[in-house]
Structures are given as structure tokens and as C-alpha cells.
Amino acid sequence: MHETKEKHDFEPKIVAFVCTWCTYAGADLAGTSRLHYPSNVRVLKFPCTGRIDPVFILRAFQRGADGVLVSGCHPGDCHYMAGNLHARRRFAAFRGLLDFVGVDLNRLQFSWVSAAEGGKWVEVVTDLTERIRAMGPMEEFKALETEECWSGELNSPELQEAYNNI
Amino acid sequence: MNSTAQKLETSTPIDTSCYADVTDAIRKEAARILADGTVTAVVGYKAGRRAGTTMPAIVTDPAEAGGLIFSPACVNNLALYLTKAKKDVVKKGRIAIVAKGCDMRALAGLMGESQIKREEIFIIGVVCAGVKGSGAVNSEPLTTGNLARKCRECTVRTPEGADLVAGTMPSLPELTPVEALEMARLEAMTPAERWAFWKEQFSRCVRCMACRQVCPFCYCEQCLCDKNRPQAVESTPRPAGNMAWHIVRAMHLAGRCAGCAECERVCPMEIPLNLLNRKMALEMKELYGFEAGLAPQEKGPLSSYKEDDDQSFIK
């Protein structure tokens with residue numbers, strides 16, 4: 001039986017970049033075990049967390065994601081030996097950079113979820129969804145996306161005067 | 001913003017007597033190594049067309065070595081001319097390069113990344129009391145007021161690892177670390193304030209890509225940000241693409257940038273780009289104890305790992 005679905009005012013969009021060997025299989029396990037998790041998450045499968053470029057995260061935010069989840073194999077379990085360990089350093093650096101330009105790091109979650117951890121996947125996704133639901137939509141990048149460049153005011157008094165003098 | 005901070009401080013002149021000695025030493029050494037065939041060319045500075053300016057010069061004839069100079073206007077990082085980004089510079093045989101301490105760090109970084117081989121270059125290191133910052137008047141002497149921001153916190157005034165070091169360092173007056181103060185100011189802000197700050201800064205960007213063209217470490221033949229299939233970073237100068245470009249640039253230079261601040265110098269819109277580079281350098285030092293450019297290192301912090309790296313941010 002389905003639980004009755006709660007109605008919310010805001011349904012966050014969450015993009016999950018996951019590695020195919022662990023987290024994707026973990027999410028699959030959650031599905032085959034009939035565990036419930038929020039459908040707010042869009043899963044994108046990559047060969048390895050080492051393949052996930054910080055640019056993808058930026059792009060997701062720009063294109064309307066309210067939160068991003070990056071998830072892969074536990075350290076030592078990487079199918080390619082050390083892809084996740086390289087990714088760990090890269091994302092640690094990237095977090096620092098995002099924080100410095102003023103992005104709220106609560107919108108960006110990293111996790112290790114193995115192929116056997118369907119339950120942990122559910123927990124991570126539910127936590128992130130609820131956190132982001134409480135935070136509301138991510139406006140910063142979306143506002144940038146819709147802004148049409150010219151930062152100078154076109155309706156300054158000087159311009160207005162020049163216009164009147166034509 | 002940076003100019004106001006500098007103007008507040010009373011300008012005291014900086015002892016520039018060492019520059020003449022350095023110039024002599026460069027000329028003598030350049031003539032010698034060109035004449036005896038140690039090198040085929042010397043990359044250095046010569047006087048610019050307007051008084052008080054300089055420009056990069058490549059000298060191949062020992063008779064022309066007398067035209068080389070070193071002055072507080074020698075702002076360029078010449079390491080750029082040795083990277084593969086400068087394909088028009090034909091490299092035949094060993095090449096000598098004039099390097100300040102900050103340029104030396106870039107050279108060390110490039111050696112670590114196998115872009116240049118130590119035995120293929122001859123480094124004429126120069127001691128440097130600082131170079132002029134943006135907005136400095138050409139005819140003015142070097143003072144604490146018109147000194148470049150990066151020079152106020154320089155730790156490599158005497159380059160290490162060069163084939164020879166020209167000149168001796170004069171004593172310098174006390175300098176306020178303008179950039180460190182600016183960093184601290186930003187760090188103390190809330191994320192929303194920082195976002196507003198950077199949004200304003202990046203909105204001015206015209207995407208001239210001067211920061212990329214002048215960077216010794218941006219030597220990729222095809223930049224990710226020029227690709228449009230798929231397009232990772234929008235190439236038009238709109239706010240979204242600007243933000244992405246500057247984040248990507250800082251990210252790609254993390255653990256590599258040697259802090260020569262050329263990007264900031266060439267920026268026509270005066271975006272404080274070196275703050276981003278500094279932030280990444282700081283991160284690398286705090287997280288992995290890595291400092292770029294001290295010596296050629298084969299692996300940077302982001303191309304290596306340790307089993308016990310910090311993962312407190314990962315669930």
C-alpha cells in the first residue's frame with residue numbers, strides 16, 4: 001500500500017551525480033527493496049566520481065537545481081582504484097571555492113553509498129530533500145541566468161537628458 | 001577599492017638602487033652566454049616606447065644585450081613565453097630567461113608539469129624590490145603607494161634555484177598587506193554578502209580572456225571554456241557565464257597558480273582575480289600542506305591523494 005503523499009508548497013529539484021558501480025547500484029537496491037525515497041532527486045550516472053567535473057555542479061545550479069548530491073564508492077572500494085580519492089580532494093577544494101564566492105554549502109552534499117547501502121541512499125536523499133525544502137529555492141544562479149548582462153543603468157539622468165535633446 | 005586602500009597610506013619611496021646593478025648584471029650575463037653559445041636567445045625586458053615603461057624582448061645577438069633592462073616597470077611574467085601557448089616563439093636550443101622571484105615560482109610549476117625542462121633553460125634570477133601596480137604613473141619613482149599589491153606580501157624577493165642571481169636586496173620599508181586585509185574582509189562576510197560582492201565584480205567582466213592568455217598555467221591547446229559541444233561555460237559576457245568562467249578558472253589553477261597575479265594586472269575591468277587564486281592556494285595549504293612553486297613537483301595536490309585525506313564533509 002502506498003502511504004498518503006504529503007502536499008508541499010515547494011518541491012525542490014535535486015540533481016544527483018552518482019557513480020555507476022556503487023551509488024547507482026545502491027539506489028537500484030533501494031528500488032528493488034521497495035524502499036521509499038523522495039522523487040525530487042534526478043539521478044545521473046557516471047562511470048566514477050572521478051569523472052564528475054565541478055563544472056557539472058555549476059551547470060546543474062545554473063539550470064535550476066536547488067540542490068546537488070554527489071555520491072560514489074567508499075574510499076578503497078573504487079572500481080578504478082583511486083577515482084573517488086582524487087574526487088575527494090577536488091570536491092574539498094571546490095567546496096572552499098564555492099563558499100568563497102558565496103554559495104550556501106548546505107545545498108551541496110557529498111556521500112559515499114555502496115551497492116549494499118540502499119537504506120543509506122534513502123536516508124541521504126531524504127535528508128537532503130528535507131533540508132533543501134526548508135531552505136527554499138536556490139535563487140542565486142537562476143537570477144544570474146535570467147539577467148541580461150548590461151550592468152550599467154541605461155536610464156541614468158545623463159542618458160535621459162541626452163535622449164531629450166535628440 | 002585597491003587604489004583607495006593604497007592612497008590612505010602615506011607614500012614613502014622605495015630604495016631602487018638595486019635595479020641598476022641588476023640591469024648591469026643581466027646585460028653582462030646575457031652578452032656572455034649568447035657569445036659563448038650557452039643559449040640561443042635571452043628572454044628579458046627592454047625599454048618601452050614611452051619613457052618609464054618596459055616591454056618583453058627576445059635577444060639573440062650578443063651585441064643587442066645592452067638593450068636589456070630591469071626596472072620597477074618590469075611587470076610581465078616572462079615564463080609565459082616558454083609555454084606551448086606561445087607557439088610563435090620558436091625555441092631553438094637552450095633559452096635564457098630573466099626571472100623575478102614570482103616568475104621563478106611559475107617556472108618551477110611549469111617544470112613540475114613537464115612543460116619545460118630545467119636543462120633546456122638558463123635562468124637569470126633577479127632580486128626585486130617590487131614592481132609598479134596598476135594605475136602607477138610612468139614617470140613616478142617606485143613608492144610604497146604605487147607598489148603592486150602582490151609585491152606588498154612578496155616572500156620570494158630573491159629567487160631560488162636560478163643559474164645566477166643578479167643584484168643584492170635593499171632593505172624595504174614596512175608594507176601593509178592590502179590583499180590579506182581584503183581577504184580577511186571577505187572571509188568575515190556572510191555568504192550572501194560575498195555572493196553580492198562577486199556578482200558585482202564578475203558582472204563587469206567583458207570576457208576578453210586576457211586573464212587566460214597571460215597565465216603561464218593556462219597553456220591548454222583547447223580551453224574547456226571555448227568548447228561549445230557540449231558547452232560547459234557560456235562564452236558570451238553575461239552574468240551566468242562570467243560567474244562560471246571565473247569559478248572554473250580558479251578551480252583549474254588550484255594547486256598550480258604560483259601567485260604572479262598577472263591575471264589581475266591585465267584585467268581591463270579591474271576584477272580582483274588574485275583573491276580567488278589566493279583563496280585556492282590557502283585551501284591547498286590548509287588541507288594538504290601544499291604550496292605551489294617552491295620547487296618543481298611532479299604531482300600537484302589535486303592530482304594526488306592520501307588515504308587519510310579529510311572527508312568530514314562527506315556523509
# chains A, B, ... in the order shown; residues from 1 in each chain; ligands from 1
>>> residues_around(residues="Ala232 of chain B", least_positions_apart="3", cutoff="8 Å", atoms="only C-alpha atoms", output="MDAnalysis selection string")
(chainID A and resid 55:56 59) or (chainID B and resid 224:225 227:228)
>>> interface_residues(of="chain B", to="chain A", cutoff="8 Å", atoms="only C-alpha atoms", output="PyMOL selection string")
chain B and resi 186-187+190-196+198+203-204+232-233+237-240+244+247-248+250-251+254+276+279-280+283-284+301-307+309+311+313-315
>>> residues_around(residues="segment 262-274 of chain B", least_positions_apart="5", cutoff="7 Å", atoms="only C-alpha atoms", output="PDB file with N, CA and C atoms, in the first residue's frame")
ATOM      1  N   SER B 134      48.853  48.645 -10.783  1.00  0.00           N
ATOM      2  CA  SER B 134      48.005  49.268 -11.794  1.00  0.00           C
ATOM      3  C   SER B 134      47.764  50.725 -11.407  1.00  0.00           C
ATOM      4  N   GLN B 201      31.454  42.179  -9.018  1.00  0.00           N
ATOM      5  CA  GLN B 201      32.767  42.144  -9.679  1.00  0.00           C
ATOM      6  C   GLN B 201      32.671  41.452 -11.045  1.00  0.00           C
ATOM      7  N   ARG B 204      31.106  42.909 -14.314  1.00  0.00           N
ATOM      8  CA  ARG B 204      31.874  43.834 -15.151  1.00  0.00           C
ATOM      9  C   ARG B 204      32.687  43.109 -16.213  1.00  0.00           C
ATOM     10  N   CYS B 205      32.899  41.818 -16.003  1.00  0.00           N
ATOM     11  CA  CYS B 205      33.775  41.058 -16.903  1.00  0.00           C
ATOM     12  C   CYS B 205      33.284  41.149 -18.338  1.00  0.00           C
ATOM     13  N   ALA B 210      41.828  37.939 -21.297  1.00  0.00           N
ATOM     14  CA  ALA B 210      43.212  38.360 -21.076  1.00  0.00           C
ATOM     15  C   ALA B 210      43.803  37.579 -19.902  1.00  0.00           C
ATOM     16  N   CYS B 211      42.972  37.319 -18.880  1.00  0.00           N
ATOM     17  CA  CYS B 211      43.462  36.579 -17.712  1.00  0.00           C
ATOM     18  C   CYS B 211      43.945  35.197 -18.110  1.00  0.00           C
ATOM     19  N   VAL B 214      47.305  35.466 -20.458  1.00  0.00           N
ATOM     20  CA  VAL B 214      48.540  35.901 -19.817  1.00  0.00           C
ATOM     21  C   VAL B 214      49.020  34.897 -18.773  1.00  0.00           C
ATOM     22  N   CYS B 215      48.179  33.929 -18.457  1.00  0.00           N
ATOM     23  CA  CYS B 215      48.534  32.999 -17.390  1.00  0.00           C
ATOM     24  C   CYS B 215      49.508  31.938 -17.887  1.00  0.00           C
TER      25      CYS B 215
END
>>> residues_around(residues="segment 38-44 of chain A", least_positions_apart="2", cutoff="6 Å", atoms="only C-alpha atoms", output="ChimeraX atom specification")
/A:13-17
>>> atom_distance(atom1="atom CA of Gly66 of chain B", atom2="atom CA of Cys260 of chain B")
26.9 Å
>>> select_by_dssp(residues="segment 9-149 of chain A", states="helix (DSSP H, G or I)", output="ChimeraX atom specification")
/A:23-32,49-51,54-62,83-101,105-107,118-135,140-146
